[in-house]
Amino acid sequence: MDNSQMKRGIVIKDDWPGYNLDLFTYPEHYHEDIESVYIPHGVIMNRIERLARYITDDFGDSNIMVLCVLKGGYKFCADLVEFIKVLGRNSNRYLETRVEFIRLKSYLNDQSTEDLHIIGSRDLSFLRGKSVLIVEAIVDTGKTMKALLQHVETFEPKMVKVAGLLVKRVPNMAESLTDYVGFEIPNRFVVGYALDYNEYFRDLNHICVISKTGKMKYKV
Ligand code: HPA
Ligand code: MG
């Protein structure tokens with residue numbers, strides 16, 4: 001596999017059932033609400049460490065202006081930036097990283113709503129002339145990412161790259177929008193590692209598949 005292939009992510013097949021819950025630890029309060037451990041926390045961390053390498057190599061000498069997409073991206077962003085910093089300290093290629101936050105909302109229950117809401121500051125003029133890394137937990141149809149990229153471009157950054165921890169295999173998937181992919185997953189609703197279902201499950205460290213019970217219990 002060449003380098004560009006590896007940046008496309010670890011492919012999780014459609015028939016992957018996940019690991020039995022009892023092989024790992026998880027918060028007791030979600031006992032009935034999750035079906036399986038889809039991606040264990042340790043594997044997530046190992047993959048993010050590798051993404052940090054690709055990013056450090058590609059950004060060269062440019063400092064990185066990280067734009068973290070909240071809320072789902074907060075853990076991925078924190079861990080990714082940490083790995084970039086560790087890599088810098090252990091080599092002679094220390095890249096300065098700055099982090100800014102943007103909040104988007106497009107999901108209700110497990111359904112995507114049509115419109116993109118940028119909540120909070122819409123003025124991203126601090127991106128002008130910068131090398132920007134957008135950090136997003138999950139990219140599916142790419143509608144949200146496309147809209148965000150268009151918005152970011154209006155502030156004339158020097159370059160823009162996108163890191164997505166998860167990319168969903170959906171019809172017309174937006175793979176090409178995401179430069180650094182952690183995992184390519186089937187079109188299933190997953191939670192944990194800061195990904196939520198109506199604000200629940202962000203406190204789960206693994207990425208998991210929600211159960212029918214969980215879906216009912218936390219429905220709004
Ligand atoms: N889980 C949580 N949030 C999401 C997902 C998902 O699978 N897809 C888009 N937002
Ligand atoms: Mg959400």
# chains A, B, ... in the order shown; residues from 1 in each chain; ligands from 1
>>> residues_around(residues="Ile48 (chain A)", least_positions_apart="2", cutoff="12 Å", atoms="only C-alpha atoms", output="mmCIF file with C-alpha atoms, in the first residue's frame")
data_model
loop_
_atom_site.group_PDB
_atom_site.id
_atom_site.type_symbol
_atom_site.label_atom_id
_atom_site.label_comp_id
_atom_site.auth_asym_id
_atom_site.auth_seq_id
_atom_site.Cartn_x
_atom_site.Cartn_y
_atom_site.Cartn_z
ATOM 1 C CA LYS A 7 -4.347 7.810 4.748
ATOM 2 C CA GLY A 9 -8.247 4.702 6.745
ATOM 3 C CA ILE A 10 -8.590 1.248 8.235
ATOM 4 C CA HIS A 41 -10.253 2.824 22.675
ATOM 5 C CA GLY A 42 -6.728 1.479 22.389
ATOM 6 C CA VAL A 43 -7.068 0.916 18.655
ATOM 7 C CA ILE A 44 -8.484 4.417 18.229
ATOM 8 C CA MET A 45 -5.427 5.831 20.002
ATOM 9 C CA ASN A 46 -2.978 3.755 17.952
ATOM 10 C CA ARG A 50 -0.281 7.271 12.984
ATOM 11 C CA LEU A 51 -2.448 10.107 11.633
ATOM 12 C CA ALA A 52 -0.250 12.505 13.603
ATOM 13 C CA ARG A 53 2.729 11.193 11.629
ATOM 14 C CA TYR A 54 1.080 11.754 8.238
ATOM 15 C CA ILE A 55 0.065 15.254 9.274
ATOM 16 C CA LYS A 75 -11.538 13.984 22.090
ATOM 17 C CA PHE A 76 -10.117 13.239 18.653
ATOM 18 C CA CYS A 77 -8.740 16.764 18.476
ATOM 19 C CA ALA A 78 -7.169 16.672 21.939
ATOM 20 C CA ASP A 79 -5.544 13.284 21.343
ATOM 21 C CA LEU A 80 -4.393 14.144 17.815
ATOM 22 C CA VAL A 81 -2.780 17.416 18.900
ATOM 23 C CA GLU A 82 -1.119 15.605 21.800
ATOM 24 C CA PHE A 83 0.406 13.027 19.448
ATOM 25 C CA ILE A 84 1.608 15.785 17.093
ATOM 26 C CA VAL A 135 -10.595 18.064 12.810
ATOM 27 C CA ALA A 137 -15.059 13.113 14.389
ATOM 28 C CA ALA A 163 -8.786 14.939 9.413
ATOM 29 C CA GLY A 164 -11.787 12.684 10.055
ATOM 30 C CA LEU A 165 -11.609 9.942 12.649
ATOM 31 C CA LEU A 166 -14.474 8.080 10.976
ATOM 32 C CA TYR A 180 -6.591 11.839 6.849
ATOM 33 C CA VAL A 181 -9.060 9.090 7.732
ATOM 34 C CA GLY A 182 -8.885 7.033 10.901
ATOM 35 C CA PHE A 183 -11.418 4.365 9.992
#
>>> residues_near_ligand(ligand="ligand 1", cutoff="10 Å", atoms="only C-alpha atoms and all ligand atoms", output="number ranges by chain")
A: 71-72, 105-112, 137-141, 144, 166-168, 185-202, 207-210
>>> atom_distance(atom1="CA of Asn63 (chain A)", atom2="CA of Thr97 (chain A)")
6.0 Å
>>> residues_around(residues="Cys68 (chain A)", least_positions_apart="2", cutoff="8 Å", atoms="only C-alpha atoms", output="PyMOL selection string")
chain A and resi 66+70+73-74+77+99-102+134-136
>>> closest_residue(among="A:Asp123, A:Asn20, A:Ile34, A:Val69", to="ligand 2", atoms="only C-alpha atoms and all ligand atoms")
A:Val69
>>> closest_residue(among="A:Thr213, A:Asn3, A:Ser131, A:Thr178", to="His31 (chain A)", atoms="only C-alpha atoms")
A:Thr213
>>> select_by_dssp(residues="region 35-162 of chain A", states="strand (DSSP E or B)", output="PyMOL selection string")
chain A and resi 35-39+64-70+97-108+111-119+131-139+159-162
